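Peer 1: Before I ask anything, let me first share the structure, which is written out below as structure tokens.
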Amino acid sequence: MTTTPRFSVLTPVYDPAVDVLRAMIDSVTDQSCPDWELILVDDCSPNPAVRAELKRAAALDARIRVSFNDVNLGIAGTSQRALELARGQFVALLDHDDALSPNALSVVADALQPDTDYLYSDEDKINPSGDYVDPFRKPIWSPERLRSQMYTGHLSVLRTSLTREVGGFRAGFDGSQDHDLVLRVTEQARGVVHIPEILYHWRVVPGSTAANPTAKSYAWEAGRKAVAEHAVRTGVGVGADFGPLPGTYRVQRMLPPDVSVSIVIPTRGSAGLVWGLHRCFVLDAVRSALSHTNHDNVEIVAVCDTATPRWVIDELRVIAGDKLVVVDYDEPFNFSRKCNAGYLAARGDVLVMLNDDVEITSRQWLENLVAPLLDHGVGLTGAKLFYSDGTIQHGGHLYDRQEYSHAFLGSGADSTEGFSALFLDREVSGVTAACAAIRRDTFEEVGGFCEDLPGNFNDVDFCFKITASGYRIVWMAHVESFHFESRTREPKVHSWEQRRVMNRWGGYDVDPYLPRPNNNNGQIPAARRTRAQRRRHSGIDAPAVLPSPR
Amino acid sequence: MNRRLSTIDGSADGSMSHGADYARHGPRLALRVARTLRPSRVLVLSEQDSDLPELLAEHGIEARADRLSEPRPADAEPWDLVICLDALSSVPSSGAEDLLDLLCATADRVLVLARTGLDAAATQASSPTNPAWAAAFAERQYFRRTDLDLDLPAAWVALFERDSPSLRDLAFRYESALQPLQDELASKQATVLPHSPSADVDTITQQGLDELRHQILTSRDFAMGAEAEIARLRSERDELRALVSEIYGSTRWRVGDQVLNPLSRIKNGVQRFR
């Protein structure tokens, strides 16, 4: 062992079952990579057997260092004590009742790049029977998701110098001290790496958060406080609220009144039955859009086919008043071209693409959809869309298995699949243009919608262009709308349309933001990498790496 | 007067070819004036000889010609009309006010011809319709008859008449005179911009701008798509090359090649022998 090991594994200890503690220590000593030290700091465990076990372990392996607190410091204080003792270049966080995969540190060592400051891996759980269950295949670096949920969790490895530089673990954040730390480290990190392999096993024991996410409400409050402070520090928001599920959060954002918004709605004034009632879709779309926002600096750009009945346009004027701009469209149906025509007539700083067959249902939808675009790293935002029967129509795009689809299509509104993904604001591969917001300059930069794709997959291509230009796409879980999809046009999908997008961008085997189990390849296809990413990639088949948060 | 009148053309030497032009236009002018105004007595003021009185007399109008520079006999009766041939351009600046006073004292109607040149620029510069001259006449309660088109005999002719028009009358006259010009302008715009005969210039410019913005948009889309497609194809090419290299380098390939392709083995042996 060298005097300065590469990894310092930090484990605060407080009264675990001894056999579990021993299993944890064994999982470290069994590492195929020998370049580590294990720092165990006991926080006044009442069980003397714990102290004995720690001393025994330290006696067996010189790489194990044990410290005993004089007084109980809590998990944050004890973790900080462990950090102070660390000598390694990187610190790896390990709870006293969990376990590392035998090759965990070896895989981490291989994945480290010179500019890597933070690294995290996939994880699963060990149930009381000793089975490995509930694998969490994590997304690549997703800063918006980290604000909504401590998704990086375990295994987390941080550069020691930066961890100390940002102040280490802070008192007052017990239970979410790691979330608070990772938020602060990633604010400064040069590179964040995700390893799409399960390197960490989270033991399910009664009372632990793994078994019951509601078990530690104090941790939830600490997490909310951490996210709120992060939002203020970075300027992405003014605070944070609790999310709808335990352990989830929602950044509070403000949309300044001087941000002008153009809602572009392509329409032909179609009508149909919804919930047994006859409705003209575009009228309800505009009515709901305007009635569910307090933002007044908005215009409605209705791109109307010549077939649009006159009375519909007249009624739109009644609903929208002087906010209405009508663009006559006298060409064959081409959604992309209609959106581009809307852009040409729009005067707003931000464009919101809205299908005419949606009905907005959430308050302040426009503020919540547009405000994230004030972060210039975000290029596009999308919404959660429901079918008329209340099931999910759109939870972000899903690009995997060489296909493009909607994530969570048909799931129930309260589904917690994808580790609560339906309740989290988060980065996604793409969003539907049925309800999406983009800054005008970004729209221009990517060349708008591809007019060679008149009906389908034009939003997929649009999203690929935005990602390739270096922007993130964020799906806003709490911007909700019904989408009576394809009620206003023929729902036919042509194979050539998908082929055309595939020719440009290729496809994913695994979606980088919603990886499904049984495939640990989180690579970004070459065509989707930004120029910087292509340079960085240099043909080496390394784990997916994204730059530090924008 | 607020402004001093100056000689309009600045060429007060009287070097104009009066005779030729009056000879050509005099009869037509006299005929037109007679038909329009039906004057009984006309005084013609000029610096040079003119046969205009004779022409007017042929149409039953009593006329007399006087020289501006010579003392004029007292008038026994008022004149219906005074015709001032090229005097406005020949009189020096200092005498312009006096000339106007004289004209206005002579008759209630004053027909003026500033100069005789047909040169367009010169005509514009010295025309009696010059705003300064018109304003000077107006100060003397003489207003131009905008309802009369005297351009047929000579483009540089204007008739001023004593009048007390209301503001409404003046505005009406002004707009009536302006309307044909606007119509003509619109007609010319329609000729120049044939695609949108009714659109104004701003609209045309906006449409052109939108078309350009649209072209930029679709061009960017095309460029991004092409770049992505090239990157994808290169990536696939590299992957295939790596795969082929891996296959050729594998033991299985080499053994299989030796077993399944003896002919090449013999050929290789012959080559080595050579």
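Ordered as shown in the structure tokens, chains take letters A, B, and onward, while each chain numbers its residues from 1 and ligands are numbered from 1 in the order shown.
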Report as a tab-separated table: every residue of chain B with an atom at most 9 Å from chain A, its closest pair of atoms, and their distance in Å to one decimal, counting only C-alpha atoms, with rows sorted by chain and ascending residue number.
Peer 2:
```
residue	atom	partner	partner_atom	distance
B:Asp210	CA	A:Leu344	CA	6.3
B:Glu211	CA	A:Leu344	CA	8.9
B:Arg213	CA	A:Leu344	CA	7.4
B:His214	CA	A:Leu344	CA	7.3
B:Ile216	CA	A:Gly447	CA	7.3
B:Leu217	CA	A:Gly447	CA	4.2
B:Thr218	CA	A:Gly447	CA	5.8
B:Ser219	CA	A:Gly447	CA	7.0
B:Arg220	CA	A:Gly447	CA	4.6
B:Asp221	CA	A:Gly447	CA	4.4
B:Phe222	CA	A:Cys450	CA	7.9
B:Ala223	CA	A:Gly447	CA	8.8
B:Met224	CA	A:Lys465	CA	7.1
B:Gly225	CA	A:Arg504	CA	5.7
B:Ala226	CA	A:Arg504	CA	7.1
B:Glu227	CA	A:Ala527	CA	8.2
B:Ala228	CA	A:Ala527	CA	5.0
B:Glu229	CA	A:Arg504	CA	4.3
B:Ile230	CA	A:Ala527	CA	8.0
B:Ala231	CA	A:Ala527	CA	5.2
B:Arg232	CA	A:Ala527	CA	5.0
B:Leu233	CA	A:Ala527	CA	8.7
B:Arg234	CA	A:Ala526	CA	8.8
B:Ser235	CA	A:Ala526	CA	6.3
B:Asp238	CA	A:Gly539	CA	9.0
```
Peer 1: With N, CA and C atoms retained, write the just-selected residues as a compact mmCIF listing (two decimals), in the first residue's frame.
Peer 2:
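Once everything was written out, this is out.txt:
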```txt
# COMPACT_ATOMS: atom_id res chain seq x y z
N ASP B 210 -38.82 37.79 -44.42
CA ASP B 210 -39.30 36.51 -43.91
C ASP B 210 -38.84 35.35 -44.80
N GLU B 211 -38.86 35.58 -46.09
CA GLU B 211 -38.40 34.52 -46.99
C GLU B 211 -36.93 34.21 -46.74
N ARG B 213 -35.28 34.73 -43.93
CA ARG B 213 -35.15 34.07 -42.63
C ARG B 213 -35.54 32.60 -42.75
N HIS B 214 -36.55 32.33 -43.55
CA HIS B 214 -36.96 30.94 -43.75
C HIS B 214 -35.88 30.15 -44.46
N ILE B 216 -32.71 30.76 -44.36
CA ILE B 216 -31.62 30.54 -43.40
C ILE B 216 -31.96 29.37 -42.49
N LEU B 217 -33.22 29.34 -42.06
CA LEU B 217 -33.66 28.28 -41.15
C LEU B 217 -33.49 26.90 -41.81
N THR B 218 -34.01 26.76 -43.00
CA THR B 218 -33.97 25.45 -43.66
C THR B 218 -32.53 25.09 -44.05
N SER B 219 -31.73 26.10 -44.36
CA SER B 219 -30.33 25.81 -44.69
C SER B 219 -29.58 25.29 -43.46
N ARG B 220 -29.85 25.90 -42.33
CA ARG B 220 -29.20 25.42 -41.10
C ARG B 220 -29.62 24.00 -40.79
N ASP B 221 -30.91 23.75 -40.97
CA ASP B 221 -31.40 22.39 -40.72
C ASP B 221 -30.68 21.41 -41.63
N PHE B 222 -30.56 21.76 -42.88
CA PHE B 222 -29.89 20.87 -43.83
C PHE B 222 -28.43 20.64 -43.43
N ALA B 223 -27.76 21.72 -43.05
CA ALA B 223 -26.34 21.62 -42.68
C ALA B 223 -26.16 20.73 -41.45
N MET B 224 -27.02 20.93 -40.46
CA MET B 224 -26.91 20.11 -39.25
C MET B 224 -27.19 18.64 -39.56
N GLY B 225 -28.19 18.41 -40.39
CA GLY B 225 -28.52 17.04 -40.75
C GLY B 225 -27.38 16.37 -41.50
N ALA B 226 -26.79 17.12 -42.43
CA ALA B 226 -25.68 16.57 -43.21
C ALA B 226 -24.48 16.27 -42.31
N GLU B 227 -24.21 17.18 -41.40
CA GLU B 227 -23.08 16.96 -40.50
C GLU B 227 -23.30 15.72 -39.64
N ALA B 228 -24.52 15.58 -39.16
CA ALA B 228 -24.84 14.42 -38.32
C ALA B 228 -24.72 13.12 -39.12
N GLU B 229 -25.20 13.17 -40.34
CA GLU B 229 -25.17 11.95 -41.15
C GLU B 229 -23.73 11.55 -41.47
N ILE B 230 -22.91 12.54 -41.74
CA ILE B 230 -21.49 12.24 -42.00
C ILE B 230 -20.84 11.64 -40.76
N ALA B 231 -21.12 12.21 -39.61
CA ALA B 231 -20.54 11.69 -38.36
C ALA B 231 -20.99 10.26 -38.12
N ARG B 232 -22.27 10.01 -38.39
CA ARG B 232 -22.79 8.65 -38.17
C ARG B 232 -22.12 7.67 -39.12
N LEU B 233 -22.00 8.05 -40.39
CA LEU B 233 -21.39 7.14 -41.36
C LEU B 233 -19.92 6.89 -41.04
N ARG B 234 -19.23 7.93 -40.61
CA ARG B 234 -17.82 7.74 -40.24
C ARG B 234 -17.70 6.80 -39.06
N SER B 235 -18.59 6.96 -38.10
CA SER B 235 -18.56 6.10 -36.93
C SER B 235 -18.80 4.65 -37.33
N ASP B 238 -15.74 3.25 -39.06
CA ASP B 238 -14.68 2.91 -38.11
C ASP B 238 -14.99 1.62 -37.36
```
Peer 1: Which of segment 170-335 of chain A end up as alpha helix (DSSP H) when DSSP is run on this backbone - answer as an MDAnalysis selection string?
Peer 2: chainID A and resid 177:188 217:234 281:291 310:320 335
Peer 1: Could you jot down the atom CA of Val185 of chain A to atom CA of Val166 of chain A separation for me, Å, one decimal place?
Peer 2: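 Interatomic distance here is 6.6 Å.
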Peer 1: Quick one: everything within 10 Å of Asp61 of chain A, counting only C-alpha atoms, minus sequence neighbours fewer than 6 positions away in the same chain. Send it as a PyMOL selection string.
Peer 2: chain A and resi 29+37-38
Peer 1: State, in Å with one decimal place, the distance from atom CA of Glu84 of chain A to atom CA of Asp110 of chain A.
Peer 2: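 Calculated distance between atom CA of Glu84 of chain A and atom CA of Asp110 of chain A is 25.8 Å.
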Peer 1: Residues within 9 Å of Val327 of chain A, please, as a list in words. Count only C-alpha atoms; anything in the same chain fewer than 5 positions from it doesn't count.
Peer 2: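 Everything that qualifies: Val301, Ala302, Val303, Cys304, Asp305, Ala341, Gly342 and Ala345 of chain A.
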Peer 1: Store the residues of this selection in a file with N, CA and C atoms, as a PDB file, in the first residue's frame.
Peer 2:
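See selection.pdb below for the written result:
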```pdb
ATOM      1  N   VAL A 301     -49.857  32.728 -31.570  1.00  0.00           N
ATOM      2  CA  VAL A 301     -49.635  32.725 -33.025  1.00  0.00           C
ATOM      3  C   VAL A 301     -50.331  31.494 -33.588  1.00  0.00           C
ATOM      4  N   ALA A 302     -51.503  31.695 -34.131  1.00  0.00           N
ATOM      5  CA  ALA A 302     -52.271  30.580 -34.682  1.00  0.00           C
ATOM      6  C   ALA A 302     -51.961  30.459 -36.168  1.00  0.00           C
ATOM      7  N   VAL A 303     -51.363  29.334 -36.542  1.00  0.00           N
ATOM      8  CA  VAL A 303     -51.031  29.094 -37.949  1.00  0.00           C
ATOM      9  C   VAL A 303     -52.182  28.283 -38.529  1.00  0.00           C
ATOM     10  N   CYS A 304     -53.026  28.964 -39.273  1.00  0.00           N
ATOM     11  CA  CYS A 304     -54.314  28.381 -39.654  1.00  0.00           C
ATOM     12  C   CYS A 304     -54.308  27.913 -41.109  1.00  0.00           C
ATOM     13  N   ASP A 305     -54.676  26.637 -41.307  1.00  0.00           N
ATOM     14  CA  ASP A 305     -54.924  26.152 -42.659  1.00  0.00           C
ATOM     15  C   ASP A 305     -56.070  26.959 -43.273  1.00  0.00           C
ATOM     16  N   ALA A 341     -43.388  28.554 -39.920  1.00  0.00           N
ATOM     17  CA  ALA A 341     -44.156  29.744 -40.304  1.00  0.00           C
ATOM     18  C   ALA A 341     -44.581  30.520 -39.057  1.00  0.00           C
ATOM     19  N   GLY A 342     -44.917  29.791 -38.028  1.00  0.00           N
ATOM     20  CA  GLY A 342     -45.267  30.444 -36.762  1.00  0.00           C
ATOM     21  C   GLY A 342     -44.092  31.205 -36.190  1.00  0.00           C
ATOM     22  N   ALA A 345     -43.554  34.556 -37.828  1.00  0.00           N
ATOM     23  CA  ALA A 345     -44.510  35.606 -37.440  1.00  0.00           C
ATOM     24  C   ALA A 345     -44.384  35.969 -35.965  1.00  0.00           C
TER      25      ALA A 345
END
```
